[in-house]
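One structure is given below, encoded as structure tokens.
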Amino acid sequence: MASVVFVKAANGTVYAYENLSYWDKQSKKTKHKRKCIGHVDKTSGNIVPNHTKGEKESPKVVKQFCKVMGVGVSLLLDRIADETGLMRTLRTVFADDWQQIMTCAYYLVSEGSALSRVEYWSAANSTPYGGILTSQRVSELLTRITSGHQVDFFSKWVDHNRKDEYYAMDITSISSYSELIDFVRYGYNRDKEKLPQVNLLMVSGEISHMPLYFRVLPGSIKDVSTLCETLETLNVIDAKRLHLVMDKGFYSKANIDEMYGKHIRFLIGVPFTVGYANELVKITRADGIRSHENYKMVFDDEVYVKSELTKWNGHRFYTHVYFDSLKAELENRKFDRKLYNCFKELEEGNVKDEHKAFYKKFFRVKATPKRGRKVEYNQGAIDNHRENTTGWFVLVTNDVKDPVKALEIYRMKDTAEKVFNDLKNDLDCKRLRIHSNQAMEGRLFIQFIALILSAKIKQIMNEAGWFRNHDMQQVIDEMKSLREVKMENSRKKIISTITAFQEKIIQLFGLRV
């Protein structure tokens, strides 16, 4: 078997050796014959051949002996795109552009850098596009990825991944400096950044961890006000069978009514700003929740739980009330620290806008001309908070009657949050570097495609237990060094020597090299 081995000399020059493996019958071992065929040009990355005796090199033209291309990342991502059905779905919807879309997505998974640099990356790596993807071509591509095409893709993608599992829905903020995008505006920023933003709503599978759908929302919109309109969109893409798992930010009576009206199964956390959540806790505490018959283990956490089947406007409605003693202790310590800090702020007159509601609920402030400002604790409100809030949480659902299963499903809701974390931290989406609505939609769609690829890689690694010793970036970086050398005027292709780690990756993902 022939391969190319690269050796770096002490002077920094990288030399290329043709490596020929053969079986030595006498020693009964595999041996190697190596022949230096040239050195690697630092600018182009191509191999410059050795000159034969008497041959003179032209000062202007350097003959290219062979072309070196990175193939490892594409081998891995081709396999993932094929296994998930992503390649087929994209090809169906974007018949003329799927290769460019996949190339941009491959680049984001590999490099996670600004999309404007895909031109340089595509020149040195094997890609679905099969050539250099210039910045001009990318700009044109972004405007061709229309909303209509995206809806068509989501419809087919959700249908392809339809399983009887639960799906998490969540929203994150992506900041932008652009003033030309309609959806960019100031609002509640989940990263606590004082920048205009867009919001991104995403639905992902709880078990498969597969991103299924996303939608861009105005930056100033709040979570609860998006649900009704989003449910209409999900109907458009034929996703009526979704089980929605949502955090407290989505809870409202109107949203519950809407989901019942749309026959959508849901599991949602209830905030303690809702009256009946407090009443449920008081009743449950009075009934003696901390008895052994109510003791359960959920993901190695110890909780006490009580459930009840009630009605919501004539519909079946389960309420699950939980108490976690460890969570109560941690929350009480955090609450005590905040009480102390806010007391000092009031006493010193250094009030903060974000603490106004907290001041009003837990303190009494009196100001007189003679005695000045006097701050007192509202002990009744403090005791009520400790008894009926810390350590307690409430879930409601129209589908999951088992409280342990309900909590397991809700605890896995961080799937969507992890997806957003990957999107912003690993795939160059912390800032939007585009300046029009059309380009923004296209840019986020490509980001979404890259996210599908990385989610599948992580799923396979997780199932194999690889995250104990490796992360995804290590796998990607290792595959970057797998290169293909194509000889000039020859169909022969040589793969660089495969490392031990690359061999493990090849086996885990079932790659064909």
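By convention here, the chains of the structure tokens are called A, B, ... in the order presented, each chain's residues are numbered starting at 1, and ligands are numbered starting at 1 in the order presented.
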Do a neighbour search on Gly380 of chain A at 12 Å with only C-alpha atoms, toss out local chain neighbours closer than 5 positions, and write the hits as a short mmCIF file (atom, residue, chain, number, x, y, z; two decimals) with N, CA and C atoms, in the first residue's frame.
data_model
loop_
_atom_site.label_atom_id
_atom_site.label_comp_id
_atom_site.auth_asym_id
_atom_site.auth_seq_id
_atom_site.Cartn_x
_atom_site.Cartn_y
_atom_site.Cartn_z
N LYS A 361 -40.68 43.26 47.68
CA LYS A 361 -41.28 42.07 48.26
C LYS A 361 -40.70 41.72 49.63
N PHE A 362 -39.41 41.93 49.84
CA PHE A 362 -38.75 41.39 51.03
C PHE A 362 -38.23 42.44 52.01
N PHE A 363 -38.47 43.72 51.73
CA PHE A 363 -37.99 44.77 52.63
C PHE A 363 -39.05 45.83 52.85
N ARG A 364 -38.91 46.52 53.99
CA ARG A 364 -39.70 47.73 54.26
C ARG A 364 -38.71 48.87 54.45
N HIS A 385 -41.46 32.58 51.47
CA HIS A 385 -40.62 32.19 50.33
C HIS A 385 -39.84 30.92 50.65
N ARG A 386 -39.27 30.84 51.83
CA ARG A 386 -38.48 29.66 52.21
C ARG A 386 -39.35 28.41 52.32
N GLU A 387 -40.55 28.56 52.82
CA GLU A 387 -41.42 27.40 53.02
C GLU A 387 -42.05 26.90 51.72
#
Residues at most 10 Å from segment 75-84 of chain A, counting only C-alpha atoms, excluding those fewer than 5 positions away in the same chain, as an mmCIF file with C-alpha atoms, in the first residue's frame?
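Generated file (part_24.cif):
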data_model
loop_
_atom_site.group_PDB
_atom_site.id
_atom_site.type_symbol
_atom_site.label_atom_id
_atom_site.label_comp_id
_atom_site.auth_asym_id
_atom_site.auth_seq_id
_atom_site.Cartn_x
_atom_site.Cartn_y
_atom_site.Cartn_z
ATOM 1 C CA GLY A 70 -7.378 17.781 3.203
ATOM 2 C CA THR A 89 -33.191 16.193 2.057
ATOM 3 C CA LEU A 90 -31.043 19.158 1.030
ATOM 4 C CA MET A 102 -23.020 21.686 2.516
ATOM 5 C CA ALA A 105 -21.667 23.896 6.725
ATOM 6 C CA TYR A 106 -18.591 21.622 6.539
ATOM 7 C CA VAL A 109 -17.994 22.494 11.675
ATOM 8 C CA SER A 110 -14.301 22.286 10.793
ATOM 9 C CA SER A 126 -12.094 18.354 -0.423
ATOM 10 C CA THR A 127 -15.695 19.615 -0.337
ATOM 11 C CA PRO A 128 -19.133 18.727 -1.759
ATOM 12 C CA TRP A 157 -36.688 17.119 7.655
ATOM 13 C CA HIS A 160 -37.791 12.192 8.009
ATOM 14 C CA ASN A 161 -36.953 12.375 11.741
ATOM 15 C CA MET A 210 -31.307 16.309 16.607
ATOM 16 C CA ILE A 449 -27.247 22.629 8.841
ATOM 17 C CA ALA A 450 -23.821 22.717 10.513
ATOM 18 C CA ILE A 452 -27.247 19.034 12.612
ATOM 19 C CA LEU A 453 -23.874 17.613 11.578
ATOM 20 C CA SER A 454 -22.172 18.414 14.877
ATOM 21 C CA ALA A 455 -25.169 17.129 16.896
ATOM 22 C CA LYS A 456 -24.962 13.735 15.175
ATOM 23 C CA ILE A 457 -21.212 13.497 15.720
ATOM 24 C CA ILE A 460 -22.298 8.927 18.226
ATOM 25 C CA VAL A 475 -11.955 14.466 16.553
ATOM 26 C CA ILE A 476 -12.294 17.206 13.924
ATOM 27 C CA MET A 479 -9.238 14.325 10.851
ATOM 28 C CA LEU A 482 -5.707 13.198 6.898
ATOM 29 C CA ILE A 505 -12.348 7.478 14.434
ATOM 30 C CA ILE A 506 -12.671 5.588 11.147
ATOM 31 C CA PHE A 509 -18.016 6.292 12.405
ATOM 32 C CA GLY A 510 -17.754 3.518 9.810
ATOM 33 C CA LEU A 511 -15.724 5.574 7.333
ATOM 34 C CA ARG A 512 -14.422 4.213 4.048
ATOM 35 C CA VAL A 513 -10.887 5.392 3.338
#
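One finds atom CA of His39 of chain A at 25.6 Å from atom CA of Phe501 of chain A.
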Atom-to-atom span, atom CA of Ile256 of chain A and atom CA of Met202 of chain A, Å: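 Spanning atom CA of Ile256 of chain A to atom CA of Met202 of chain A is a straight-line distance of 19.3 Å.
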Members of segment 258-383 of chain A assigned strand (DSSP E) by DSSP, as a VMD selection string: chain A and resid 265 to 270 295 to 298 301 to 312 315 to 323 363 to 368 372 to 377
Output N, CA and C atoms for every residue in the selection just made, as a short mmCIF file (atom, residue, chain, number, x, y, z; two decimals), in the first residue's frame.
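File part17.cif, as written:
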data_model
loop_
_atom_site.label_atom_id
_atom_site.label_comp_id
_atom_site.auth_asym_id
_atom_site.auth_seq_id
_atom_site.Cartn_x
_atom_site.Cartn_y
_atom_site.Cartn_z
N ARG A 265 -49.53 17.85 22.66
CA ARG A 265 -49.11 17.34 23.96
C ARG A 265 -47.96 18.19 24.49
N PHE A 266 -48.01 18.50 25.79
CA PHE A 266 -47.03 19.41 26.35
C PHE A 266 -46.64 19.02 27.76
N LEU A 267 -45.46 19.49 28.16
CA LEU A 267 -44.96 19.41 29.53
C LEU A 267 -44.27 20.74 29.78
N ILE A 268 -44.70 21.45 30.84
CA ILE A 268 -44.22 22.81 31.03
C ILE A 268 -44.04 23.11 32.51
N GLY A 269 -43.00 23.86 32.83
CA GLY A 269 -42.77 24.29 34.20
C GLY A 269 -43.66 25.47 34.54
N VAL A 270 -44.07 25.55 35.81
CA VAL A 270 -44.97 26.62 36.25
C VAL A 270 -44.20 27.56 37.18
N TYR A 295 -40.97 9.27 48.14
CA TYR A 295 -39.54 9.41 47.84
C TYR A 295 -39.21 8.72 46.51
N LYS A 296 -38.55 9.45 45.61
CA LYS A 296 -38.19 8.92 44.30
C LYS A 296 -36.75 9.29 43.96
N MET A 297 -36.16 8.49 43.06
CA MET A 297 -34.83 8.79 42.54
C MET A 297 -34.96 9.13 41.07
N VAL A 298 -34.45 10.29 40.68
CA VAL A 298 -34.48 10.74 39.28
C VAL A 298 -33.08 11.19 38.89
N ASP A 301 -30.79 11.92 41.63
CA ASP A 301 -31.25 12.98 42.53
C ASP A 301 -32.40 12.46 43.39
N GLU A 302 -32.44 12.87 44.65
CA GLU A 302 -33.48 12.43 45.57
C GLU A 302 -34.57 13.50 45.64
N VAL A 303 -35.79 13.14 45.33
CA VAL A 303 -36.91 14.09 45.36
C VAL A 303 -38.12 13.43 46.01
N TYR A 304 -38.98 14.28 46.55
CA TYR A 304 -40.29 13.84 47.02
C TYR A 304 -41.31 14.40 46.04
N VAL A 305 -42.32 13.60 45.72
CA VAL A 305 -43.24 14.02 44.67
C VAL A 305 -44.66 13.62 45.00
N LYS A 306 -45.58 14.49 44.61
CA LYS A 306 -47.01 14.19 44.70
C LYS A 306 -47.67 14.65 43.41
N SER A 307 -48.58 13.83 42.89
CA SER A 307 -49.24 14.13 41.61
C SER A 307 -50.74 14.10 41.78
N GLU A 308 -51.41 14.76 40.85
CA GLU A 308 -52.87 14.78 40.88
C GLU A 308 -53.40 14.94 39.46
N LEU A 309 -54.44 14.21 39.14
CA LEU A 309 -55.13 14.36 37.86
C LEU A 309 -56.31 15.30 38.08
N THR A 310 -56.27 16.45 37.40
CA THR A 310 -57.36 17.42 37.52
C THR A 310 -57.89 17.73 36.13
N LYS A 311 -58.63 18.82 36.01
CA LYS A 311 -59.20 19.24 34.73
C LYS A 311 -58.80 20.68 34.42
N TRP A 312 -58.61 20.92 33.14
CA TRP A 312 -58.36 22.28 32.63
C TRP A 312 -59.42 22.54 31.56
N HIS A 315 -60.52 19.43 30.12
CA HIS A 315 -59.49 18.56 29.56
C HIS A 315 -58.67 17.91 30.67
N ARG A 316 -58.10 16.76 30.37
CA ARG A 316 -57.21 16.07 31.31
C ARG A 316 -55.98 16.92 31.59
N PHE A 317 -55.62 17.03 32.88
CA PHE A 317 -54.55 17.95 33.27
C PHE A 317 -53.84 17.38 34.50
N TYR A 318 -52.57 16.97 34.31
CA TYR A 318 -51.79 16.41 35.42
C TYR A 318 -50.94 17.50 36.05
N THR A 319 -50.92 17.52 37.40
CA THR A 319 -50.02 18.42 38.12
C THR A 319 -49.05 17.57 38.93
N HIS A 320 -47.75 17.85 38.79
CA HIS A 320 -46.70 17.14 39.52
C HIS A 320 -45.96 18.15 40.38
N VAL A 321 -45.97 17.94 41.70
CA VAL A 321 -45.30 18.84 42.64
C VAL A 321 -44.10 18.10 43.23
N TYR A 322 -42.93 18.75 43.20
CA TYR A 322 -41.69 18.12 43.64
C TYR A 322 -41.03 18.94 44.74
N PHE A 323 -40.37 18.23 45.67
CA PHE A 323 -39.54 18.90 46.67
C PHE A 323 -38.19 18.21 46.70
N PHE A 363 -38.47 43.72 51.73
CA PHE A 363 -37.99 44.77 52.63
C PHE A 363 -39.05 45.83 52.85
N ARG A 364 -38.91 46.52 53.99
CA ARG A 364 -39.70 47.73 54.26
C ARG A 364 -38.71 48.87 54.45
N VAL A 365 -38.90 49.91 53.69
CA VAL A 365 -37.98 51.05 53.74
C VAL A 365 -38.74 52.28 54.21
N LYS A 366 -38.22 52.87 55.28
CA LYS A 366 -38.83 54.09 55.82
C LYS A 366 -37.80 55.20 55.80
N ALA A 367 -38.25 56.38 55.46
CA ALA A 367 -37.34 57.53 55.43
C ALA A 367 -37.99 58.69 56.17
N THR A 368 -37.29 59.21 57.19
CA THR A 368 -37.78 60.36 57.96
C THR A 368 -36.71 61.44 57.98
N GLY A 372 -33.51 59.59 59.06
CA GLY A 372 -33.00 59.20 57.75
C GLY A 372 -33.62 57.90 57.27
N ARG A 373 -32.89 57.15 56.45
CA ARG A 373 -33.40 55.91 55.87
C ARG A 373 -33.28 54.75 56.87
N LYS A 374 -34.37 54.00 57.02
CA LYS A 374 -34.38 52.83 57.87
C LYS A 374 -34.90 51.64 57.06
N VAL A 375 -34.09 50.61 57.00
CA VAL A 375 -34.42 49.42 56.21
C VAL A 375 -34.72 48.26 57.15
N GLU A 376 -35.86 47.59 56.94
CA GLU A 376 -36.26 46.45 57.74
C GLU A 376 -36.59 45.26 56.82
N TYR A 377 -36.34 44.06 57.32
CA TYR A 377 -36.71 42.86 56.59
C TYR A 377 -38.20 42.60 56.73
#
8 Å contact set for Val138 of chain A, only C-alpha atoms, chain neighbours under 5 positions out, as a list in words: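 Counting only C-alpha atoms, the residues come to Gln100, Ser116 and Leu133 of chain A.
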Write the residues of the preceding selection, restricted to N, CA and C atoms, as an mmCIF file, in the first residue's frame.
data_model
loop_
_atom_site.group_PDB
_atom_site.id
_atom_site.type_symbol
_atom_site.label_atom_id
_atom_site.label_comp_id
_atom_site.auth_asym_id
_atom_site.auth_seq_id
_atom_site.Cartn_x
_atom_site.Cartn_y
_atom_site.Cartn_z
ATOM 1 N N GLN A 100 -23.133 23.838 -2.385
ATOM 2 C CA GLN A 100 -22.554 25.031 -1.774
ATOM 3 C C GLN A 100 -22.966 25.153 -0.309
ATOM 4 N N SER A 116 -16.782 34.301 5.705
ATOM 5 C CA SER A 116 -16.062 34.967 4.615
ATOM 6 C C SER A 116 -14.747 34.251 4.283
ATOM 7 N N LEU A 133 -14.909 27.940 -3.358
ATOM 8 C CA LEU A 133 -16.168 28.656 -3.168
ATOM 9 C C LEU A 133 -15.841 30.084 -2.751
#
What's the 9 Å shell around Ala406 of chain A, counting only C-alpha atoms, without same-chain residues fewer than 5 positions away, as a compact mmCIF listing (two decimals) with C-alpha atoms, in the first residue's frame?
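out_39.txt written:
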# COMPACT_ATOMS: atom_id res chain seq x y z
CA LEU A 267 -44.96 19.41 29.53
CA HIS A 320 -46.70 17.14 39.52
CA LEU A 395 -44.71 20.68 36.29
CA VAL A 396 -48.03 20.45 34.45
CA THR A 397 -48.84 18.26 31.46
CA VAL A 400 -47.32 12.35 31.14
CA LYS A 401 -49.03 10.92 34.20
CA ARG A 411 -34.45 17.51 33.03
